[in-house]
file final.pdb (PDB, C-alpha atoms)
ATOM      1  CA  MET U   1     -23.834  -7.044  -8.760  1.00  0.00           C
ATOM      2  CA  ASP U   2     -22.594  -4.873 -11.578  1.00  0.00           C
ATOM      3  CA  CYS U   3     -18.933  -4.610 -10.519  1.00  0.00           C
ATOM      4  CA  VAL U   4     -16.427  -4.666 -13.381  1.00  0.00           C
ATOM      5  CA  PHE U   5     -13.681  -6.183 -11.201  1.00  0.00           C
ATOM      6  CA  CYS U   6     -16.031  -8.951  -9.994  1.00  0.00           C
ATOM      7  CA  LYS U   7     -16.687  -9.706 -13.671  1.00  0.00           C
ATOM      8  CA  ILE U   8     -12.935  -9.940 -14.259  1.00  0.00           C
ATOM      9  CA  VAL U   9     -12.586 -12.315 -11.277  1.00  0.00           C
ATOM     10  CA  LYS U  10     -15.407 -14.494 -12.675  1.00  0.00           C
ATOM     11  CA  LYS U  11     -13.764 -14.364 -16.133  1.00  0.00           C
ATOM     12  CA  GLU U  12     -16.882 -12.820 -17.642  1.00  0.00           C
ATOM     13  CA  ILE U  13     -14.523 -10.151 -18.983  1.00  0.00           C
ATOM     14  CA  PRO U  14     -11.557 -11.959 -20.565  1.00  0.00           C
ATOM     15  CA  THR U  15      -8.400 -10.691 -18.890  1.00  0.00           C
ATOM     16  CA  GLU U  16      -4.850 -11.986 -18.800  1.00  0.00           C
ATOM     17  CA  PHE U  17      -3.949 -12.728 -15.189  1.00  0.00           C
ATOM     18  CA  LEU U  18      -0.356 -12.161 -14.091  1.00  0.00           C
ATOM     19  CA  HIS U  19      -1.217 -14.041 -10.907  1.00  0.00           C
ATOM     20  CA  GLU U  20      -4.137 -16.003  -9.495  1.00  0.00           C
ATOM     21  CA  ASP U  21      -4.504 -17.842  -6.206  1.00  0.00           C
ATOM     22  CA  GLU U  22      -7.411 -18.690  -3.922  1.00  0.00           C
ATOM     23  CA  LEU U  23      -7.646 -15.125  -2.578  1.00  0.00           C
ATOM     24  CA  VAL U  24      -6.494 -12.682  -5.261  1.00  0.00           C
ATOM     25  CA  VAL U  25      -5.970 -12.089  -8.970  1.00  0.00           C
ATOM     26  CA  ALA U  26      -3.677  -9.590 -10.721  1.00  0.00           C
ATOM     27  CA  PHE U  27      -3.847  -8.012 -14.166  1.00  0.00           C
ATOM     28  CA  ARG U  28      -2.473  -5.001 -16.027  1.00  0.00           C
ATOM     29  CA  ASP U  29      -4.192  -1.616 -15.565  1.00  0.00           C
ATOM     30  CA  ILE U  30      -5.928  -0.683 -18.838  1.00  0.00           C
ATOM     31  CA  ASN U  31      -4.783   2.945 -18.399  1.00  0.00           C
ATOM     32  CA  PRO U  32      -1.166   2.509 -17.300  1.00  0.00           C
ATOM     33  CA  ILE U  33       0.646   5.516 -15.844  1.00  0.00           C
ATOM     34  CA  ALA U  34       4.078   3.828 -16.035  1.00  0.00           C
ATOM     35  CA  PRO U  35       5.770   1.062 -18.075  1.00  0.00           C
ATOM     36  CA  ALA U  36       4.604  -1.482 -15.471  1.00  0.00           C
ATOM     37  CA  HIS U  37       1.195  -0.860 -13.902  1.00  0.00           C
ATOM     38  CA  VAL U  38      -0.583  -3.849 -12.397  1.00  0.00           C
ATOM     39  CA  LEU U  39      -3.665  -4.159 -10.196  1.00  0.00           C
ATOM     40  CA  VAL U  40      -3.947  -6.804  -7.478  1.00  0.00           C
ATOM     41  CA  ILE U  41      -7.528  -7.353  -6.309  1.00  0.00           C
ATOM     42  CA  PRO U  42      -9.302  -9.698  -3.894  1.00  0.00           C
ATOM     43  CA  LYS U  43     -11.586 -12.291  -5.480  1.00  0.00           C
ATOM     44  CA  LYS U  44     -14.336 -11.471  -3.002  1.00  0.00           C
ATOM     45  CA  HIS U  45     -15.981  -8.086  -3.326  1.00  0.00           C
ATOM     46  CA  ILE U  46     -14.718  -5.516  -0.821  1.00  0.00           C
ATOM     47  CA  GLY U  47     -15.340  -1.856  -1.582  1.00  0.00           C
ATOM     48  CA  SER U  48     -12.089  -0.350  -0.317  1.00  0.00           C
ATOM     49  CA  VAL U  49      -9.462  -0.540   2.412  1.00  0.00           C
ATOM     50  CA  ALA U  50     -11.938   1.340   4.617  1.00  0.00           C
ATOM     51  CA  ASP U  51     -14.279  -1.674   4.337  1.00  0.00           C
ATOM     52  CA  VAL U  52     -11.879  -4.490   5.244  1.00  0.00           C
ATOM     53  CA  SER U  53     -12.509  -6.320   8.520  1.00  0.00           C
ATOM     54  CA  GLU U  54     -10.150  -7.723  11.126  1.00  0.00           C
ATOM     55  CA  SER U  55     -10.551 -11.158   9.541  1.00  0.00           C
ATOM     56  CA  ASP U  56      -9.074  -9.835   6.269  1.00  0.00           C
ATOM     57  CA  GLU U  57      -5.540  -9.491   7.667  1.00  0.00           C
ATOM     58  CA  LYS U  58      -4.329 -12.550   5.757  1.00  0.00           C
ATOM     59  CA  LEU U  59      -5.963 -11.312   2.560  1.00  0.00           C
ATOM     60  CA  MET U  60      -4.320  -7.896   2.829  1.00  0.00           C
ATOM     61  CA  GLY U  61      -0.951  -9.519   3.436  1.00  0.00           C
ATOM     62  CA  ARG U  62      -1.495 -11.727   0.405  1.00  0.00           C
ATOM     63  CA  MET U  63      -2.207  -8.669  -1.750  1.00  0.00           C
ATOM     64  CA  ILE U  64       1.120  -7.084  -0.763  1.00  0.00           C
ATOM     65  CA  LEU U  65       3.107 -10.320  -1.134  1.00  0.00           C
ATOM     66  CA  SER U  66       1.520 -10.976  -4.530  1.00  0.00           C
ATOM     67  CA  ALA U  67       2.501  -7.522  -5.767  1.00  0.00           C
ATOM     68  CA  LYS U  68       6.035  -8.052  -4.478  1.00  0.00           C
ATOM     69  CA  ARG U  69       6.324 -11.356  -6.372  1.00  0.00           C
ATOM     70  CA  ILE U  70       4.850  -9.879  -9.562  1.00  0.00           C
ATOM     71  CA  ALA U  71       7.439  -7.073  -9.410  1.00  0.00           C
ATOM     72  CA  GLU U  72      10.106  -9.773  -9.314  1.00  0.00           C
ATOM     73  CA  ASP U  73       8.492 -11.635 -12.232  1.00  0.00           C
ATOM     74  CA  LEU U  74       8.429  -8.410 -14.266  1.00  0.00           C
ATOM     75  CA  LYS U  75      12.093  -7.725 -13.395  1.00  0.00           C
ATOM     76  CA  ILE U  76      11.276  -4.310 -11.916  1.00  0.00           C
ATOM     77  CA  SER U  77      11.972  -5.217  -8.301  1.00  0.00           C
ATOM     78  CA  GLY U  78      15.676  -4.423  -8.161  1.00  0.00           C
ATOM     79  CA  ASN U  79      15.191  -0.789  -9.154  1.00  0.00           C
ATOM     80  CA  GLY U  80      12.039  -0.335  -7.126  1.00  0.00           C
ATOM     81  CA  TYR U  81       8.374   0.618  -7.517  1.00  0.00           C
ATOM     82  CA  LYS U  82       5.386   2.012  -5.669  1.00  0.00           C
ATOM     83  CA  LEU U  83       2.468   0.140  -4.100  1.00  0.00           C
ATOM     84  CA  LEU U  84      -0.605   2.320  -3.702  1.00  0.00           C
ATOM     85  CA  PHE U  85      -4.116   1.948  -2.353  1.00  0.00           C
ATOM     86  CA  ARG U  86      -6.367   4.874  -3.217  1.00  0.00           C
ATOM     87  CA  VAL U  87      -9.187   4.912  -0.674  1.00  0.00           C
ATOM     88  CA  GLY U  88     -12.446   6.796  -1.159  1.00  0.00           C
ATOM     89  CA  ARG U  89     -13.042  10.272  -2.535  1.00  0.00           C
ATOM     90  CA  HIS U  90     -10.104  12.080  -0.930  1.00  0.00           C
ATOM     91  CA  GLY U  91      -7.829   9.205  -1.898  1.00  0.00           C
ATOM     92  CA  GLY U  92      -8.817   9.304  -5.572  1.00  0.00           C
ATOM     93  CA  GLN U  93     -10.332   5.808  -5.775  1.00  0.00           C
ATOM     94  CA  GLU U  94     -11.948   5.232  -9.176  1.00  0.00           C
ATOM     95  CA  VAL U  95     -13.372   1.687  -9.027  1.00  0.00           C
ATOM     96  CA  GLY U  96     -15.454   0.524  -6.059  1.00  0.00           C
ATOM     97  CA  HIS U  97     -13.708  -2.835  -5.664  1.00  0.00           C
ATOM     98  CA  LEU U  98     -10.561  -2.863  -3.523  1.00  0.00           C
ATOM     99  CA  HIS U  99      -7.395  -2.789  -5.637  1.00  0.00           C
ATOM    100  CA  LEU U 100      -3.676  -2.332  -5.058  1.00  0.00           C
ATOM    101  CA  HIS U 101      -1.633  -0.481  -7.694  1.00  0.00           C
ATOM    102  CA  LEU U 102       1.861  -1.787  -8.501  1.00  0.00           C
ATOM    103  CA  ILE U 103       3.575   1.030 -10.412  1.00  0.00           C
ATOM    104  CA  GLY U 104       7.111   0.791 -11.753  1.00  0.00           C
ATOM    105  CA  GLY U 105       9.395   0.003 -14.642  1.00  0.00           C
ATOM    106  CA  ALA U 106      10.921   3.497 -14.622  1.00  0.00           C
ATOM    107  CA  LYS U 107      12.168   6.043 -12.139  1.00  0.00           C
ATOM    108  CA  LEU U 108       8.981   7.724 -10.928  1.00  0.00           C
ATOM    109  CA  SER U 109       8.274  11.291  -9.944  1.00  0.00           C
ATOM    110  CA  GLU U 110       5.565  11.690  -7.346  1.00  0.00           C
ATOM    111  CA  ASN U 111       3.535  14.684  -6.277  1.00  0.00           C
ATOM    112  CA  ILE U 112       0.791  14.075  -3.720  1.00  0.00           C
ATOM    113  CA  ARG U 113      -0.638  17.134  -2.001  1.00  0.00           C
ATOM    114  CA  PRO U 114      -3.852  18.666  -0.695  1.00  0.00           C
ATOM    115  CA  VAL U 115      -6.035  20.291  -3.329  1.00  0.00           C
ATOM    116  CA  THR U 116      -5.918  24.000  -2.572  1.00  0.00           C
TER     117      THR U 116
ATOM    118  CA  MET T   1      22.608  -1.002  13.536  1.00  0.00           C
ATOM    119  CA  ASP T   2      22.264   2.687  12.859  1.00  0.00           C
ATOM    120  CA  CYS T   3      18.647   2.708  11.649  1.00  0.00           C
ATOM    121  CA  VAL T   4      16.579   5.688  12.776  1.00  0.00           C
ATOM    122  CA  PHE T   5      13.314   3.731  12.642  1.00  0.00           C
ATOM    123  CA  CYS T   6      14.809   0.909  14.744  1.00  0.00           C
ATOM    124  CA  LYS T   7      15.735   3.575  17.302  1.00  0.00           C
ATOM    125  CA  ILE T   8      12.139   4.813  17.288  1.00  0.00           C
ATOM    126  CA  VAL T   9      10.889   1.232  17.816  1.00  0.00           C
ATOM    127  CA  LYS T  10      13.306   0.808  20.736  1.00  0.00           C
ATOM    128  CA  LYS T  11      12.190   4.209  22.120  1.00  0.00           C
ATOM    129  CA  GLU T  12      15.740   5.505  21.941  1.00  0.00           C
ATOM    130  CA  ILE T  13      14.245   8.414  20.002  1.00  0.00           C
ATOM    131  CA  PRO T  14      11.185   9.606  21.959  1.00  0.00           C
ATOM    132  CA  THR T  15       8.212   9.468  19.610  1.00  0.00           C
ATOM    133  CA  GLU T  16       4.478   9.580  20.230  1.00  0.00           C
ATOM    134  CA  PHE T  17       2.964   6.339  18.949  1.00  0.00           C
ATOM    135  CA  LEU T  18      -0.513   6.457  17.451  1.00  0.00           C
ATOM    136  CA  HIS T  19      -0.517   2.662  17.619  1.00  0.00           C
ATOM    137  CA  GLU T  20       1.658  -0.095  18.983  1.00  0.00           C
ATOM    138  CA  ASP T  21       1.168  -3.858  19.004  1.00  0.00           C
ATOM    139  CA  GLU T  22       3.485  -6.872  18.981  1.00  0.00           C
ATOM    140  CA  LEU T  23       4.341  -6.438  15.292  1.00  0.00           C
ATOM    141  CA  VAL T  24       4.126  -2.742  14.352  1.00  0.00           C
ATOM    142  CA  VAL T  25       4.234   0.836  15.612  1.00  0.00           C
ATOM    143  CA  ALA T  26       2.816   3.993  14.025  1.00  0.00           C
ATOM    144  CA  PHE T  27       3.789   7.638  14.390  1.00  0.00           C
ATOM    145  CA  ARG T  28       3.389  10.936  12.551  1.00  0.00           C
ATOM    146  CA  ASP T  29       5.722  11.712   9.637  1.00  0.00           C
ATOM    147  CA  ILE T  30       8.031  14.571  10.659  1.00  0.00           C
ATOM    148  CA  ASN T  31       7.685  16.103   7.172  1.00  0.00           C
ATOM    149  CA  PRO T  32       3.955  15.772   6.525  1.00  0.00           C
ATOM    150  CA  ILE T  33       2.692  16.307   2.980  1.00  0.00           C
ATOM    151  CA  ALA T  34      -0.972  16.459   4.082  1.00  0.00           C
ATOM    152  CA  PRO T  35      -2.954  17.321   7.248  1.00  0.00           C
ATOM    153  CA  ALA T  36      -2.730  13.656   8.291  1.00  0.00           C
ATOM    154  CA  HIS T  37       0.495  11.827   7.442  1.00  0.00           C
ATOM    155  CA  VAL T  38       1.343   8.754   9.499  1.00  0.00           C
ATOM    156  CA  LEU T  39       3.955   6.039   9.083  1.00  0.00           C
ATOM    157  CA  VAL T  40       3.279   2.421  10.051  1.00  0.00           C
ATOM    158  CA  ILE T  41       6.467   0.360  10.421  1.00  0.00           C
ATOM    159  CA  PRO T  42       7.331  -3.188  11.478  1.00  0.00           C
ATOM    160  CA  LYS T  43       9.148  -3.521  14.795  1.00  0.00           C
ATOM    161  CA  LYS T  44      11.674  -5.877  13.220  1.00  0.00           C
ATOM    162  CA  HIS T  45      14.073  -4.418  10.690  1.00  0.00           C
ATOM    163  CA  ILE T  46      13.086  -5.102   7.080  1.00  0.00           C
ATOM    164  CA  GLY T  47      14.611  -2.923   4.379  1.00  0.00           C
ATOM    165  CA  SER T  48      11.651  -2.588   2.041  1.00  0.00           C
ATOM    166  CA  VAL T  49       8.706  -4.436   0.509  1.00  0.00           C
ATOM    167  CA  ALA T  50      11.226  -6.016  -1.866  1.00  0.00           C
ATOM    168  CA  ASP T  51      12.848  -7.680   1.161  1.00  0.00           C
ATOM    169  CA  VAL T  52       9.776  -9.227   2.818  1.00  0.00           C
ATOM    170  CA  SER T  53       9.551 -13.011   2.876  1.00  0.00           C
ATOM    171  CA  GLU T  54       6.612 -15.375   2.494  1.00  0.00           C
ATOM    172  CA  SER T  55       6.445 -15.688   6.272  1.00  0.00           C
ATOM    173  CA  ASP T  56       5.739 -11.941   6.558  1.00  0.00           C
ATOM    174  CA  GLU T  57       2.226 -12.197   5.105  1.00  0.00           C
ATOM    175  CA  LYS T  58       0.631 -11.691   8.526  1.00  0.00           C
ATOM    176  CA  LEU T  59       2.900  -8.722   9.253  1.00  0.00           C
ATOM    177  CA  MET T  60       2.027  -7.026   5.958  1.00  0.00           C
ATOM    178  CA  GLY T  61      -1.658  -7.543   6.613  1.00  0.00           C
ATOM    179  CA  ARG T  62      -1.213  -6.072  10.081  1.00  0.00           C
ATOM    180  CA  MET T  63       0.431  -2.963   8.595  1.00  0.00           C
ATOM    181  CA  ILE T  64      -2.552  -2.349   6.310  1.00  0.00           C
ATOM    182  CA  LEU T  65      -5.143  -3.070   9.018  1.00  0.00           C
ATOM    183  CA  SER T  66      -3.308  -0.804  11.469  1.00  0.00           C
ATOM    184  CA  ALA T  67      -3.333   2.066   8.972  1.00  0.00           C
ATOM    185  CA  LYS T  68      -7.030   1.493   8.329  1.00  0.00           C
ATOM    186  CA  ARG T  69      -7.811   1.680  12.065  1.00  0.00           C
ATOM    187  CA  ILE T  70      -5.635   4.770  12.573  1.00  0.00           C
ATOM    188  CA  ALA T  71      -7.526   6.496   9.736  1.00  0.00           C
ATOM    189  CA  GLU T  72     -10.720   5.766  11.667  1.00  0.00           C
ATOM    190  CA  ASP T  73      -9.196   7.068  14.921  1.00  0.00           C
ATOM    191  CA  LEU T  74      -8.149  10.279  13.145  1.00  0.00           C
ATOM    192  CA  LYS T  75     -11.659  10.663  11.650  1.00  0.00           C
ATOM    193  CA  ILE T  76     -10.284  10.786   8.103  1.00  0.00           C
ATOM    194  CA  SER T  77     -11.627   7.412   7.008  1.00  0.00           C
ATOM    195  CA  GLY T  78     -15.065   8.492   5.760  1.00  0.00           C
ATOM    196  CA  ASN T  79     -13.637  10.903   3.198  1.00  0.00           C
ATOM    197  CA  GLY T  80     -10.753   8.662   2.219  1.00  0.00           C
ATOM    198  CA  TYR T  81      -6.977   8.610   2.072  1.00  0.00           C
ATOM    199  CA  LYS T  82      -4.009   6.984   0.361  1.00  0.00           C
ATOM    200  CA  LEU T  83      -1.810   4.131   1.574  1.00  0.00           C
ATOM    201  CA  LEU T  84       1.591   4.101  -0.090  1.00  0.00           C
ATOM    202  CA  PHE T  85       4.728   1.997   0.016  1.00  0.00           C
ATOM    203  CA  ARG T  86       7.668   3.580  -1.771  1.00  0.00           C
ATOM    204  CA  VAL T  87      10.075   0.792  -2.690  1.00  0.00           C
ATOM    205  CA  GLY T  88      13.696   1.342  -3.639  1.00  0.00           C
ATOM    206  CA  ARG T  89      15.223   3.991  -5.857  1.00  0.00           C
ATOM    207  CA  HIS T  90      12.579   4.086  -8.602  1.00  0.00           C
ATOM    208  CA  GLY T  91       9.876   4.114  -5.951  1.00  0.00           C
ATOM    209  CA  GLY T  92      11.342   7.098  -4.097  1.00  0.00           C
ATOM    210  CA  GLN T  93      12.059   5.324  -0.788  1.00  0.00           C
ATOM    211  CA  GLU T  94      13.926   7.632   1.599  1.00  0.00           C
ATOM    212  CA  VAL T  95      14.486   5.545   4.766  1.00  0.00           C
ATOM    213  CA  GLY T  96      15.838   1.995   4.565  1.00  0.00           C
ATOM    214  CA  HIS T  97      13.346   0.498   7.033  1.00  0.00           C
ATOM    215  CA  LEU T  98      10.021  -0.647   5.576  1.00  0.00           C
ATOM    216  CA  HIS T  99       7.254   1.918   6.151  1.00  0.00           C
ATOM    217  CA  LEU T 100       3.702   2.455   4.981  1.00  0.00           C
ATOM    218  CA  HIS T 101       2.484   6.026   4.431  1.00  0.00           C
ATOM    219  CA  LEU T 102      -1.075   6.896   5.478  1.00  0.00           C
ATOM    220  CA  ILE T 103      -1.858  10.215   3.775  1.00  0.00           C
ATOM    221  CA  GLY T 104      -5.154  12.059   4.185  1.00  0.00           C
ATOM    222  CA  GLY T 105      -7.154  14.700   5.979  1.00  0.00           C
ATOM    223  CA  ALA T 106      -7.835  16.627   2.776  1.00  0.00           C
ATOM    224  CA  LYS T 107      -8.802  15.935  -0.802  1.00  0.00           C
ATOM    225  CA  LEU T 108      -5.516  14.950  -2.434  1.00  0.00           C
ATOM    226  CA  SER T 109      -4.164  15.586  -5.892  1.00  0.00           C
ATOM    227  CA  GLU T 110      -1.793  12.925  -7.162  1.00  0.00           C
ATOM    228  CA  ASN T 111       0.701  12.923  -9.997  1.00  0.00           C
ATOM    229  CA  ILE T 112       2.875   9.836 -10.374  1.00  0.00           C
ATOM    230  CA  ARG T 113       4.699   9.435 -13.663  1.00  0.00           C
ATOM    231  CA  PRO T 114       7.985   8.302 -15.195  1.00  0.00           C
ATOM    232  CA  VAL T 115      10.797  10.823 -15.006  1.00  0.00           C
ATOM    233  CA  THR T 116      11.422  11.910 -18.583  1.00  0.00           C
TER     234      THR T 116
END

call {"tool": "encode", "arguments": {"input": "final.pdb", "output": "structure tokens"}}
result
Amino acid sequence: MDCVFCKIVKKEIPTEFLHEDELVVAFRDINPIAPAHVLVIPKKHIGSVADVSESDEKLMGRMILSAKRIAEDLKISGNGYKLLFRVGRHGGQEVGHLHLHLIGGAKLSENIRPVT
Amino acid sequence: MDCVFCKIVKKEIPTEFLHEDELVVAFRDINPIAPAHVLVIPKKHIGSVADVSESDEKLMGRMILSAKRIAEDLKISGNGYKLLFRVGRHGGQEVGHLHLHLIGGAKLSENIRPVT
């Protein structure tokens, strides 16, 4: 399968991991939109949140907990951050392998609205 | 404790639930920013993602899975949506009881950036 995030998981694309365990890995977004911008992804290929199954509850919890711990490691937790899943076309998803955005390191403005 | 979301959980503030199980409830945001805007919250009081503990992995997974199923129920899953945790001051959190935003029902524009 020609999935860039699967290649990162398999270390075919050299990437510095901020976290790795048996379920997930985390690395910096190559196009950061804030001083801290990290992606947490499952090691197994899942297309998006819309594709997770009931048996993935533990995995999804691990993704959130991993992001929370990484925020602490990066010393951005006290001030706060955003955790964001973009899902599908309306959600603005850009890579077809499930990923959670950890965005922080500065006070953030946010504008999410329907395209008119 | 004077937490508005705890009052919703305890049904002291009458609210239509889109989902309820032993861990979480879900209801529509009273100030929606999109045609579909739902909040999924834990029944127990947790301040924010920054306050979850290792033992909350199952709960966090349940929050994500619940949002995913609600998106299917609302028929907004095929086109996509966003799932968002705002955490703390920099993240723009407005209520001090952990909540996950499910935002969809239209193609969404998104602009998240540091306040300059």

call {"tool": "interface_residues", "arguments": {"input": "final.pdb", "of": "chain T", "to": "chain U", "cutoff": "7 Å", "atoms": "only C-alpha atoms", "output": "PyMOL selection string"}}
result
chain T and resi 33-34+49-50+57-58+60-62+64-65+68+77+79-91+106-115

call {"tool": "atom_distance", "arguments": {"input": "final.pdb", "atom1": "CA of Thr15 (chain T)", "atom2": "CA of Lys75 (chain T)"}}
result
21.4 Å

call {"tool": "atom_distance", "arguments": {"input": "final.pdb", "atom1": "CA of Leu39 (chain U)", "atom2": "CA of Lys44 (chain T)"}}
result
28.0 Å

call {"tool": "atom_distance", "arguments": {"input": "final.pdb", "atom1": "CA of Glu94 (chain T)", "atom2": "CA of Ala36 (chain U)"}}
result
21.5 Å

call {"tool": "residues_around", "arguments": {"input": "final.pdb", "residues": "region 19-28 of chain U", "least_positions_apart": "3", "cutoff": "6 Å", "atoms": "all atoms listed in the file", "output": "CSV table (one decimal) with C-alpha atoms, in the frame of the given file"}}
result
chain,number,residue,atom,x,y,z
U,37,HIS,CA,1.2,-0.9,-13.9
U,38,VAL,CA,-0.6,-3.8,-12.4
U,39,LEU,CA,-3.7,-4.2,-10.2
U,40,VAL,CA,-3.9,-6.8,-7.5
U,41,ILE,CA,-7.5,-7.4,-6.3
U,42,PRO,CA,-9.3,-9.7,-3.9
U,43,LYS,CA,-11.6,-12.3,-5.5

call {"tool": "resolve_selection", "arguments": {"input": "final.pdb", "expression": "the PyMOL selection byres ((chain U and resi 1-5) around 8)", "output": "list of chain:residue names"}}
result
U:Cys6, U:Lys7, U:Ile8, U:Val9, U:Ile41, U:Gly96, U:His97

call {"tool": "write_last_selection", "arguments": {"input": "final.pdb", "atoms": "C-alpha atoms", "output": "mmCIF file, in the coordinates of the input"}}
result
data_model
loop_
_atom_site.group_PDB
_atom_site.id
_atom_site.type_symbol
_atom_site.label_atom_id
_atom_site.label_comp_id
_atom_site.auth_asym_id
_atom_site.auth_seq_id
_atom_site.Cartn_x
_atom_site.Cartn_y
_atom_site.Cartn_z
ATOM 1 C CA CYS U 6 -16.031 -8.951 -9.994
ATOM 2 C CA LYS U 7 -16.687 -9.706 -13.671
ATOM 3 C CA ILE U 8 -12.935 -9.940 -14.259
ATOM 4 C CA VAL U 9 -12.586 -12.315 -11.277
ATOM 5 C CA ILE U 41 -7.528 -7.353 -6.309
ATOM 6 C CA GLY U 96 -15.454 0.524 -6.059
ATOM 7 C CA HIS U 97 -13.708 -2.835 -5.664
#
